[in-house]
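Contents: one structure, followed by commentary.
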Number of protein chains: 2
Amino acid sequence: MTESNGGSRANDVAVIGCGLMGSALARAFAKSGYSVAAWNRTPERAEALACDGITPVRSVDDAVRSTRLVVACMSTYETTVAALKPVTDWEGATLVNLASGAPYEVTVLERWAAEHGAEYLDGSIVCYPQDIGSSEAAVLYSGSPAAWTDHERTLMSLGGSSAYISDRVTDASVLNVGVVGAFYVSALSAYVEAATYVLGQGVTADVLHALTQVTIEGLRKASAEAAAAIVSGEHATDKATIDTYAEAAGAALAVMQDSGQRARMLAAAVENLSTAAASGSGSLGFFAQTTVAAADPAKAV
Amino acid sequence: MTESNGGSRANDVAVIGCGLMGSALARAFAKSGYSVAAWNRTPERAEALACDGITPVRSVDDAVRSTRLVVACMSTYETTVAALKPVTDWEGATLVNLASGAPYEVTVLERWAAEHGAEYLDGSIVCYPQDIGSSEAAVLYSGSPAAWTDHERTLMSLGGSSAYISDRVTDASVLNVGVVGAFYVSALSAYVEAATYVLGQGVTADVLHALTQVTIEGLRKASAEAAAAIVSGEHATDKATIDTYAEAAGAALAVMQDSGQRARMLAAAVENLSTAAASGSGSLGFFAQTTVAAADPAKAV
């Protein structure tokens, strides 16, 4: 499977960084039949992949120059740039960076790649290393459409739920911060608090599970309504208002805390609701809280 | 449809409290063909239901004595008990209270009902008034199994997603506090924060929606794992640890806040993760946060 390589480009892909995730990526590429070069700052980790049909390469310059597709997976954008510094020739290559980083770091790395003659794709991995290569695996890509067209087939071999989401290079990072970080981690933390309380009160896991399923289905519908309301700025409602939610959530918080729970997540939610009510949004719908999400509400959209 | 009534019990059901929700309940019963009496502290609200085939009754004693099934829907447990005080005869009747309340209030009201010779069912309404009577409507019931057997058919006419969940009378209230209050409200508040940030960075609603669906599916799976881990106390993991989540969530929080967002929910989640890490759970899985959910972790299970 070397049909897409230029003359001297012996490998389909080079993986830069062979930690837990980088190693999983290299193995998934190899398993799909691609020829893979692997480089790691400490060479032992790359060499450990040799038995999986991967070619460990001692020089990062050699690794990058052996291919048109460079997939970097190091801990930070800073270490990635430092590691890639010795590379002498990026011409015709695409750099795909899968480190977790802030949107501004993505912009900086895209510029760096352009200055070195490389196309750039940014990626956010939103699954575990164990999932890589399976239908469960999800990597979000954004950036150069030309690079995506070139390498889609190879990159999609990492996992079935992956997607190219946007030609705006920072979108994958923004979504990772917002949806995986701010939403998923917070929601799951709230669930741990809720389940700790409910199970601690002697409700069975089966009963908890049944209501959780219904509630998550409600969350699915509400999330679409939330985005529509935030985009349109229309927060009038004929359902429960922020005042109603604030009262009910405040009562639930008191019950949780009386039972000895800290309920940090619900306390923060009550603070959001109270702040929105205090700012004059009490008679509007739940999503009007968007107006007090900013640190300085006066500057909020 | 008076077949289940005793001799002088002229109505199938009496609805006590005709606010927005109580009126919706009365109308749904009537629409299903049941004969309905309605009482409200200010009689005008009950009288307004007459055109829907409901019988407004001026005396709460007359209303309760006209039926075997009394469905109370007032703002609090306190106002409910005060309103029901004049009732002279509960013999053979079941009281179903659908007010929102704390588990200890449920216990107190059940005892009050027993002392007055009534069976008791507690209910938590987890839908909007508009949903009542439709397949979307959900009311959770717990308490006397005999009362449920007697009145299941009538009560289920309020909505298709309702369920009798437990003979432990407080379970409906506990689930309402934990799953609807602590989980749903917190998760949705986190989503508003996340969507405000993501859309504010120029990501389209369609792209946000697509990742949200995947993330909510992940939340569905994780919630079941969370409950199992909390019940078993097994928090070892071969996936991301609390330390890993704390680092990633901390980085996401910094990005959110740099962009001008307050990110209260994520800040609370980071605090949960950091507290768990500081207490020695850093190398365990996400759900080990259950051990620091209590206000005094030393007392946590």
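Ordered as shown in the structure tokens, chains take letters A, B, and onward, while each chain numbers its residues from 1 and ligands are numbered from 1 in the order shown.
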
Review point. Quick one: DSSP alpha helix (DSSP H) residues in range 4-180 of chain B, as a count of residues only?
Key: 61

Compute the chain A side of the contact with chain B at 6 Å, counting only C-alpha atoms, and hand it back as a PDB file with N, CA, C and O atoms, in the first residue's frame.
```pdb
ATOM      1  N   VAL A 177     -12.253  21.144  23.715  1.00  0.00           N
ATOM      2  CA  VAL A 177     -12.324  21.929  24.958  1.00  0.00           C
ATOM      3  C   VAL A 177     -13.778  22.028  25.436  1.00  0.00           C
ATOM      4  O   VAL A 177     -14.093  21.770  26.602  1.00  0.00           O
ATOM      5  N   GLY A 178     -14.670  22.380  24.523  1.00  0.00           N
ATOM      6  CA  GLY A 178     -16.048  22.666  24.920  1.00  0.00           C
ATOM      7  C   GLY A 178     -16.878  21.426  25.174  1.00  0.00           C
ATOM      8  O   GLY A 178     -17.461  21.270  26.246  1.00  0.00           O
ATOM      9  N   VAL A 179     -16.934  20.544  24.198  1.00  0.00           N
ATOM     10  CA  VAL A 179     -17.873  19.427  24.309  1.00  0.00           C
ATOM     11  C   VAL A 179     -17.299  18.291  25.159  1.00  0.00           C
ATOM     12  O   VAL A 179     -17.985  17.752  26.023  1.00  0.00           O
ATOM     13  N   GLY A 181     -14.354  18.498  27.140  1.00  0.00           N
ATOM     14  CA  GLY A 181     -13.926  19.036  28.429  1.00  0.00           C
ATOM     15  C   GLY A 181     -15.093  19.599  29.222  1.00  0.00           C
ATOM     16  O   GLY A 181     -15.535  19.010  30.205  1.00  0.00           O
ATOM     17  N   ALA A 182     -15.607  20.723  28.759  1.00  0.00           N
ATOM     18  CA  ALA A 182     -16.596  21.453  29.565  1.00  0.00           C
ATOM     19  C   ALA A 182     -17.898  20.682  29.743  1.00  0.00           C
ATOM     20  O   ALA A 182     -18.466  20.679  30.823  1.00  0.00           O
ATOM     21  N   PHE A 183     -18.384  20.024  28.690  1.00  0.00           N
ATOM     22  CA  PHE A 183     -19.663  19.342  28.830  1.00  0.00           C
ATOM     23  C   PHE A 183     -19.518  17.927  29.394  1.00  0.00           C
ATOM     24  O   PHE A 183     -20.051  17.614  30.465  1.00  0.00           O
ATOM     25  N   SER A 186     -17.940  17.597  32.949  1.00  0.00           N
ATOM     26  CA  SER A 186     -18.834  18.178  33.960  1.00  0.00           C
ATOM     27  C   SER A 186     -20.075  17.314  34.159  1.00  0.00           C
ATOM     28  O   SER A 186     -20.493  17.060  35.292  1.00  0.00           O
ATOM     29  N   ALA A 187     -20.674  16.867  33.065  1.00  0.00           N
ATOM     30  CA  ALA A 187     -21.892  16.052  33.167  1.00  0.00           C
ATOM     31  C   ALA A 187     -21.590  14.750  33.904  1.00  0.00           C
ATOM     32  O   ALA A 187     -22.371  14.305  34.749  1.00  0.00           O
ATOM     33  N   SER A 189     -19.159  14.200  36.027  1.00  0.00           N
ATOM     34  CA  SER A 189     -18.873  14.522  37.422  1.00  0.00           C
ATOM     35  C   SER A 189     -20.188  14.722  38.179  1.00  0.00           C
ATOM     36  O   SER A 189     -20.338  14.239  39.316  1.00  0.00           O
ATOM     37  N   ALA A 190     -21.147  15.390  37.538  1.00  0.00           N
ATOM     38  CA  ALA A 190     -22.473  15.573  38.153  1.00  0.00           C
ATOM     39  C   ALA A 190     -23.151  14.215  38.334  1.00  0.00           C
ATOM     40  O   ALA A 190     -23.846  13.987  39.325  1.00  0.00           O
ATOM     41  N   TYR A 191     -22.933  13.315  37.389  1.00  0.00           N
ATOM     42  CA  TYR A 191     -23.559  11.992  37.515  1.00  0.00           C
ATOM     43  C   TYR A 191     -22.969  11.210  38.683  1.00  0.00           C
ATOM     44  O   TYR A 191     -23.701  10.518  39.400  1.00  0.00           O
ATOM     45  N   GLU A 193     -21.797  12.493  41.407  1.00  0.00           N
ATOM     46  CA  GLU A 193     -22.406  13.066  42.615  1.00  0.00           C
ATOM     47  C   GLU A 193     -23.845  12.572  42.794  1.00  0.00           C
ATOM     48  O   GLU A 193     -24.256  12.204  43.895  1.00  0.00           O
ATOM     49  N   ALA A 194     -24.608  12.590  41.701  1.00  0.00           N
ATOM     50  CA  ALA A 194     -26.009  12.177  41.764  1.00  0.00           C
ATOM     51  C   ALA A 194     -26.122  10.706  42.163  1.00  0.00           C
ATOM     52  O   ALA A 194     -26.914  10.343  43.036  1.00  0.00           O
ATOM     53  N   THR A 196     -23.905   8.840  43.678  1.00  0.00           N
ATOM     54  CA  THR A 196     -23.422   8.638  45.049  1.00  0.00           C
ATOM     55  C   THR A 196     -24.554   8.908  46.039  1.00  0.00           C
ATOM     56  O   THR A 196     -24.775   8.131  46.974  1.00  0.00           O
ATOM     57  N   VAL A 198     -27.970   9.020  45.346  1.00  0.00           N
ATOM     58  CA  VAL A 198     -29.132   8.144  45.130  1.00  0.00           C
ATOM     59  C   VAL A 198     -28.858   6.729  45.662  1.00  0.00           C
ATOM     60  O   VAL A 198     -29.676   6.162  46.392  1.00  0.00           O
ATOM     61  N   ALA A 249     -33.975  23.585  41.769  1.00  0.00           N
ATOM     62  CA  ALA A 249     -32.578  23.140  41.922  1.00  0.00           C
ATOM     63  C   ALA A 249     -32.038  23.543  43.289  1.00  0.00           C
ATOM     64  O   ALA A 249     -31.266  22.800  43.914  1.00  0.00           O
ATOM     65  N   ALA A 252     -33.382  20.998  45.675  1.00  0.00           N
ATOM     66  CA  ALA A 252     -32.649  19.729  45.518  1.00  0.00           C
ATOM     67  C   ALA A 252     -31.266  19.839  46.160  1.00  0.00           C
ATOM     68  O   ALA A 252     -30.787  18.892  46.817  1.00  0.00           O
ATOM     69  N   GLY A 260     -25.518  15.165  53.622  1.00  0.00           N
ATOM     70  CA  GLY A 260     -24.073  15.036  53.813  1.00  0.00           C
ATOM     71  C   GLY A 260     -23.258  15.077  52.530  1.00  0.00           C
ATOM     72  O   GLY A 260     -22.047  14.880  52.544  1.00  0.00           O
ATOM     73  N   GLN A 261     -23.934  15.344  51.405  1.00  0.00           N
ATOM     74  CA  GLN A 261     -23.210  15.444  50.135  1.00  0.00           C
ATOM     75  C   GLN A 261     -22.708  16.866  49.917  1.00  0.00           C
ATOM     76  O   GLN A 261     -23.332  17.830  50.350  1.00  0.00           O
ATOM     77  N   ARG A 262     -21.566  16.976  49.233  1.00  0.00           N
ATOM     78  CA  ARG A 262     -21.019  18.294  48.938  1.00  0.00           C
ATOM     79  C   ARG A 262     -21.759  18.918  47.740  1.00  0.00           C
ATOM     80  O   ARG A 262     -22.009  20.109  47.703  1.00  0.00           O
ATOM     81  N   ARG A 264     -20.997  19.674  44.615  1.00  0.00           N
ATOM     82  CA  ARG A 264     -20.330  20.826  43.978  1.00  0.00           C
ATOM     83  C   ARG A 264     -20.944  21.196  42.631  1.00  0.00           C
ATOM     84  O   ARG A 264     -21.077  22.369  42.304  1.00  0.00           O
ATOM     85  N   MET A 265     -21.286  20.181  41.839  1.00  0.00           N
ATOM     86  CA  MET A 265     -21.795  20.461  40.497  1.00  0.00           C
ATOM     87  C   MET A 265     -23.160  21.147  40.568  1.00  0.00           C
ATOM     88  O   MET A 265     -23.397  22.139  39.878  1.00  0.00           O
ATOM     89  N   LEU A 266     -24.035  20.613  41.413  1.00  0.00           N
ATOM     90  CA  LEU A 266     -25.364  21.220  41.539  1.00  0.00           C
ATOM     91  C   LEU A 266     -25.257  22.625  42.139  1.00  0.00           C
ATOM     92  O   LEU A 266     -25.987  23.536  41.736  1.00  0.00           O
ATOM     93  N   ALA A 268     -22.845  24.692  41.645  1.00  0.00           N
ATOM     94  CA  ALA A 268     -22.422  25.567  40.541  1.00  0.00           C
ATOM     95  C   ALA A 268     -23.595  25.846  39.601  1.00  0.00           C
ATOM     96  O   ALA A 268     -23.761  26.964  39.106  1.00  0.00           O
ATOM     97  N   ALA A 269     -24.434  24.815  39.371  1.00  0.00           N
ATOM     98  CA  ALA A 269     -25.604  25.004  38.501  1.00  0.00           C
ATOM     99  C   ALA A 269     -26.590  25.991  39.130  1.00  0.00           C
ATOM    100  O   ALA A 269     -27.150  26.849  38.439  1.00  0.00           O
ATOM    101  N   THR A 290     -26.962  31.517  28.999  1.00  0.00           N
ATOM    102  CA  THR A 290     -25.836  31.819  28.108  1.00  0.00           C
ATOM    103  C   THR A 290     -25.381  33.269  28.287  1.00  0.00           C
ATOM    104  O   THR A 290     -24.206  33.574  28.119  1.00  0.00           O
ATOM    105  N   ALA A 293     -22.838  33.433  31.025  1.00  0.00           N
ATOM    106  CA  ALA A 293     -21.745  32.450  30.968  1.00  0.00           C
ATOM    107  C   ALA A 293     -20.388  33.145  30.877  1.00  0.00           C
ATOM    108  O   ALA A 293     -19.375  32.615  31.331  1.00  0.00           O
ATOM    109  N   ALA A 294     -20.383  34.347  30.314  1.00  0.00           N
ATOM    110  CA  ALA A 294     -19.124  35.083  30.186  1.00  0.00           C
ATOM    111  C   ALA A 294     -18.690  35.621  31.549  1.00  0.00           C
ATOM    112  O   ALA A 294     -19.533  35.898  32.409  1.00  0.00           O
ATOM    113  N   ALA A 295     -17.370  35.753  31.736  1.00  0.00           N
ATOM    114  CA  ALA A 295     -16.836  36.250  33.001  1.00  0.00           C
ATOM    115  C   ALA A 295     -17.350  37.656  33.277  1.00  0.00           C
ATOM    116  O   ALA A 295     -17.640  38.016  34.398  1.00  0.00           O
TER     117      ALA A 295
END
```

Check your understanding: How far is it from CA of Asp167 in chain B to CA of Ala113 in chain B, in Å with one decimal?
Key -> 15.6 Å

Exercise for review: For Asp12 in chain A, work out the shell of residues within 12 Å, counting only C-alpha atoms and skipping chain neighbours fewer than 5 positions away, then give it as number ranges by chain.
Suggested key: A: 1-7, 26, 29-30, 32-38, 54-55, 63-71, 93-94, 150-151, 153-155

Review point. In Å to one decimal, how far is CA of Arg111 in chain B from CA of Ala147 in chain B?
Key: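 Computing the Euclidean distance for CA of Ala147 in chain B and CA of Arg111 in chain B yields 15.1 Å.
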
What's the 6 Å shell around Trp39 in chain B, counting only C-alpha atoms, without same-chain residues fewer than 5 positions away, as a CSV table (one decimal) with N, CA and C atoms, in the first residue's frame?
```
chain,number,residue,atom,x,y,z
B,16,ILE,N,-56.5,17.7,44.0
B,16,ILE,CA,-56.4,18.7,45.0
B,16,ILE,C,-55.3,19.7,44.6
B,46,ALA,N,-60.6,26.0,40.2
B,46,ALA,CA,-61.3,24.7,40.0
B,46,ALA,C,-62.5,24.9,39.1
B,57,VAL,N,-65.4,21.4,43.2
B,57,VAL,CA,-66.0,21.2,44.5
B,57,VAL,C,-65.5,22.2,45.5
```

Practice item. Within 10 Å of Thr80 in chain B, counting only C-alpha atoms, which residues show up once you throw out same-chain ones fewer than 2 positions away? Write them as number ranges by chain, please. Key: B: 16-17, 72-78, 82-85, 97-99, 109

Just to be explicit: take each residue in the selection above, keep N, CA, C and O atoms, and write the result as a PDB file, in the first residue's frame.
```pdb
ATOM      1  N   ILE B  16     -56.507  17.700  43.958  1.00  0.00           N
ATOM      2  CA  ILE B  16     -56.408  18.746  44.971  1.00  0.00           C
ATOM      3  C   ILE B  16     -55.292  19.702  44.558  1.00  0.00           C
ATOM      4  O   ILE B  16     -54.120  19.330  44.540  1.00  0.00           O
ATOM      5  N   GLY B  17     -55.657  20.918  44.231  1.00  0.00           N
ATOM      6  CA  GLY B  17     -54.680  21.895  43.742  1.00  0.00           C
ATOM      7  C   GLY B  17     -54.800  22.018  42.232  1.00  0.00           C
ATOM      8  O   GLY B  17     -54.541  21.055  41.511  1.00  0.00           O
ATOM      9  N   ALA B  72     -53.000  14.864  44.953  1.00  0.00           N
ATOM     10  CA  ALA B  72     -52.689  16.222  45.404  1.00  0.00           C
ATOM     11  C   ALA B  72     -51.525  16.777  44.612  1.00  0.00           C
ATOM     12  O   ALA B  72     -50.512  16.095  44.409  1.00  0.00           O
ATOM     13  N   CYS B  73     -51.652  18.011  44.161  1.00  0.00           N
ATOM     14  CA  CYS B  73     -50.570  18.646  43.406  1.00  0.00           C
ATOM     15  C   CYS B  73     -50.502  20.119  43.795  1.00  0.00           C
ATOM     16  O   CYS B  73     -50.976  20.989  43.076  1.00  0.00           O
ATOM     17  N   MET B  74     -49.930  20.353  44.979  1.00  0.00           N
ATOM     18  CA  MET B  74     -49.773  21.727  45.459  1.00  0.00           C
ATOM     19  C   MET B  74     -48.273  22.036  45.486  1.00  0.00           C
ATOM     20  O   MET B  74     -47.448  21.185  45.185  1.00  0.00           O
ATOM     21  N   SER B  75     -47.925  23.273  45.854  1.00  0.00           N
ATOM     22  CA  SER B  75     -46.516  23.662  45.702  1.00  0.00           C
ATOM     23  C   SER B  75     -45.586  22.940  46.681  1.00  0.00           C
ATOM     24  O   SER B  75     -44.477  22.572  46.325  1.00  0.00           O
ATOM     25  N   THR B  76     -46.042  22.735  47.918  1.00  0.00           N
ATOM     26  CA  THR B  76     -45.173  22.075  48.901  1.00  0.00           C
ATOM     27  C   THR B  76     -45.949  21.035  49.703  1.00  0.00           C
ATOM     28  O   THR B  76     -47.181  21.001  49.673  1.00  0.00           O
ATOM     29  N   TYR B  77     -45.215  20.217  50.452  1.00  0.00           N
ATOM     30  CA  TYR B  77     -45.839  19.226  51.330  1.00  0.00           C
ATOM     31  C   TYR B  77     -46.599  19.922  52.457  1.00  0.00           C
ATOM     32  O   TYR B  77     -47.655  19.471  52.889  1.00  0.00           O
ATOM     33  N   GLU B  78     -46.020  21.039  52.921  1.00  0.00           N
ATOM     34  CA  GLU B  78     -46.632  21.801  54.010  1.00  0.00           C
ATOM     35  C   GLU B  78     -48.014  22.316  53.615  1.00  0.00           C
ATOM     36  O   GLU B  78     -48.989  22.133  54.345  1.00  0.00           O
ATOM     37  N   ALA B  82     -51.749  21.198  55.144  1.00  0.00           N
ATOM     38  CA  ALA B  82     -52.652  22.245  55.630  1.00  0.00           C
ATOM     39  C   ALA B  82     -53.981  22.187  54.881  1.00  0.00           C
ATOM     40  O   ALA B  82     -55.060  22.279  55.486  1.00  0.00           O
ATOM     41  N   ALA B  83     -53.908  21.991  53.566  1.00  0.00           N
ATOM     42  CA  ALA B  83     -55.133  21.971  52.761  1.00  0.00           C
ATOM     43  C   ALA B  83     -56.000  20.761  53.083  1.00  0.00           C
ATOM     44  O   ALA B  83     -57.233  20.835  53.038  1.00  0.00           O
ATOM     45  N   LEU B  84     -55.366  19.641  53.415  1.00  0.00           N
ATOM     46  CA  LEU B  84     -56.108  18.391  53.624  1.00  0.00           C
ATOM     47  C   LEU B  84     -56.637  18.240  55.057  1.00  0.00           C
ATOM     48  O   LEU B  84     -57.374  17.307  55.351  1.00  0.00           O
ATOM     49  N   LYS B  85     -56.221  19.151  55.940  1.00  0.00           N
ATOM     50  CA  LYS B  85     -56.591  19.061  57.349  1.00  0.00           C
ATOM     51  C   LYS B  85     -58.103  18.908  57.594  1.00  0.00           C
ATOM     52  O   LYS B  85     -58.519  18.096  58.438  1.00  0.00           O
ATOM     53  N   ASN B  97     -49.468  12.031  46.430  1.00  0.00           N
ATOM     54  CA  ASN B  97     -48.988  13.402  46.460  1.00  0.00           C
ATOM     55  C   ASN B  97     -47.904  13.619  45.413  1.00  0.00           C
ATOM     56  O   ASN B  97     -46.889  12.931  45.403  1.00  0.00           O
ATOM     57  N   LEU B  98     -48.138  14.593  44.539  1.00  0.00           N
ATOM     58  CA  LEU B  98     -47.212  14.846  43.434  1.00  0.00           C
ATOM     59  C   LEU B  98     -46.441  16.155  43.598  1.00  0.00           C
ATOM     60  O   LEU B  98     -45.816  16.626  42.657  1.00  0.00           O
ATOM     61  N   ALA B  99     -46.492  16.749  44.799  1.00  0.00           N
ATOM     62  CA  ALA B  99     -45.680  17.947  45.040  1.00  0.00           C
ATOM     63  C   ALA B  99     -44.204  17.560  45.029  1.00  0.00           C
ATOM     64  O   ALA B  99     -43.853  16.400  45.247  1.00  0.00           O
ATOM     65  N   LEU B 109     -45.382  12.603  55.470  1.00  0.00           N
ATOM     66  CA  LEU B 109     -46.729  12.587  54.884  1.00  0.00           C
ATOM     67  C   LEU B 109     -47.291  11.164  54.826  1.00  0.00           C
ATOM     68  O   LEU B 109     -48.490  10.955  55.018  1.00  0.00           O
TER      69      LEU B 109
END
```

Check your understanding: How many Å lie between CA of Val87 in chain B and CA of Gly19 in chain B, rounded to one decimal?
Key ->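 Distance reported for this atom pair: 20.5 Å.
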
Run DSSP on the backbone and grab whatever in range 15-109 of chain A lands in strand (DSSP E or B); send it over as a PDB file with N, CA, C and O atoms, in the first residue's frame.
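Generated file (states.pdb):
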```pdb
ATOM      1  N   VAL A  15       4.824   8.006  12.468  1.00  0.00           N
ATOM      2  CA  VAL A  15       4.224   8.393  13.741  1.00  0.00           C
ATOM      3  C   VAL A  15       5.319   8.973  14.630  1.00  0.00           C
ATOM      4  O   VAL A  15       6.347   8.326  14.870  1.00  0.00           O
ATOM      5  N   ILE A  16       5.101  10.204  15.098  1.00  0.00           N
ATOM      6  CA  ILE A  16       6.079  10.915  15.917  1.00  0.00           C
ATOM      7  C   ILE A  16       5.572  10.924  17.349  1.00  0.00           C
ATOM      8  O   ILE A  16       4.547  11.553  17.641  1.00  0.00           O
ATOM      9  N   VAL A  36       4.698   1.782   8.172  1.00  0.00           N
ATOM     10  CA  VAL A  36       4.758   2.799   9.223  1.00  0.00           C
ATOM     11  C   VAL A  36       6.178   2.982   9.753  1.00  0.00           C
ATOM     12  O   VAL A  36       6.837   1.997  10.131  1.00  0.00           O
ATOM     13  N   ALA A  37       6.617   4.246   9.781  1.00  0.00           N
ATOM     14  CA  ALA A  37       7.858   4.580  10.484  1.00  0.00           C
ATOM     15  C   ALA A  37       7.470   5.174  11.836  1.00  0.00           C
ATOM     16  O   ALA A  37       6.443   5.842  11.938  1.00  0.00           O
ATOM     17  N   ALA A  38       8.267   4.876  12.861  1.00  0.00           N
ATOM     18  CA  ALA A  38       7.954   5.426  14.179  1.00  0.00           C
ATOM     19  C   ALA A  38       9.202   6.049  14.777  1.00  0.00           C
ATOM     20  O   ALA A  38      10.299   5.490  14.717  1.00  0.00           O
ATOM     21  N   TRP A  39       9.019   7.232  15.359  1.00  0.00           N
ATOM     22  CA  TRP A  39      10.133   7.901  16.033  1.00  0.00           C
ATOM     23  C   TRP A  39       9.685   8.312  17.427  1.00  0.00           C
ATOM     24  O   TRP A  39       8.538   8.726  17.642  1.00  0.00           O
ATOM     25  N   THR A  55       8.533   0.256  11.474  1.00  0.00           N
ATOM     26  CA  THR A  55       9.968   0.531  11.334  1.00  0.00           C
ATOM     27  C   THR A  55      10.398   1.638  12.289  1.00  0.00           C
ATOM     28  O   THR A  55      10.043   2.801  12.088  1.00  0.00           O
ATOM     29  N   PRO A  56      11.150   1.290  13.342  1.00  0.00           N
ATOM     30  CA  PRO A  56      11.641   2.346  14.229  1.00  0.00           C
ATOM     31  C   PRO A  56      12.753   3.134  13.531  1.00  0.00           C
ATOM     32  O   PRO A  56      13.618   2.540  12.897  1.00  0.00           O
ATOM     33  N   THR A  67       8.229   9.850   4.293  1.00  0.00           N
ATOM     34  CA  THR A  67       6.773   9.722   4.099  1.00  0.00           C
ATOM     35  C   THR A  67       6.135  11.038   3.683  1.00  0.00           C
ATOM     36  O   THR A  67       6.761  12.110   3.792  1.00  0.00           O
ATOM     37  N   LEU A  69       2.977  11.611   4.994  1.00  0.00           N
ATOM     38  CA  LEU A  69       1.989  11.818   6.074  1.00  0.00           C
ATOM     39  C   LEU A  69       2.645  11.629   7.437  1.00  0.00           C
ATOM     40  O   LEU A  69       3.058  10.514   7.792  1.00  0.00           O
ATOM     41  N   VAL A  70       2.737  12.732   8.181  1.00  0.00           N
ATOM     42  CA  VAL A  70       3.392  12.705   9.486  1.00  0.00           C
ATOM     43  C   VAL A  70       2.331  12.903  10.562  1.00  0.00           C
ATOM     44  O   VAL A  70       1.674  13.942  10.602  1.00  0.00           O
ATOM     45  N   VAL A  71       2.152  11.898  11.410  1.00  0.00           N
ATOM     46  CA  VAL A  71       1.165  11.993  12.482  1.00  0.00           C
ATOM     47  C   VAL A  71       1.904  12.157  13.809  1.00  0.00           C
ATOM     48  O   VAL A  71       2.597  11.235  14.253  1.00  0.00           O
ATOM     49  N   ALA A  72       1.771  13.351  14.406  1.00  0.00           N
ATOM     50  CA  ALA A  72       2.476  13.620  15.667  1.00  0.00           C
ATOM     51  C   ALA A  72       1.522  13.418  16.829  1.00  0.00           C
ATOM     52  O   ALA A  72       0.379  13.882  16.795  1.00  0.00           O
ATOM     53  N   THR A  94       2.292  16.342   4.759  1.00  0.00           N
ATOM     54  CA  THR A  94       1.219  16.864   5.620  1.00  0.00           C
ATOM     55  C   THR A  94       1.546  16.512   7.062  1.00  0.00           C
ATOM     56  O   THR A  94       1.881  15.354   7.350  1.00  0.00           O
ATOM     57  N   LEU A  95       1.465  17.510   7.936  1.00  0.00           N
ATOM     58  CA  LEU A  95       1.625  17.260   9.364  1.00  0.00           C
ATOM     59  C   LEU A  95       0.233  17.194   9.997  1.00  0.00           C
ATOM     60  O   LEU A  95      -0.588  18.092   9.812  1.00  0.00           O
ATOM     61  N   VAL A  96      -0.007  16.102  10.704  1.00  0.00           N
ATOM     62  CA  VAL A  96      -1.259  15.955  11.455  1.00  0.00           C
ATOM     63  C   VAL A  96      -0.889  15.909  12.925  1.00  0.00           C
ATOM     64  O   VAL A  96      -0.199  14.986  13.362  1.00  0.00           O
ATOM     65  N   ASN A  97      -1.314  16.914  13.686  1.00  0.00           N
ATOM     66  CA  ASN A  97      -0.952  16.919  15.104  1.00  0.00           C
ATOM     67  C   ASN A  97      -2.144  16.514  15.957  1.00  0.00           C
ATOM     68  O   ASN A  97      -3.199  17.131  15.906  1.00  0.00           O
TER      69      ASN A  97
END
```
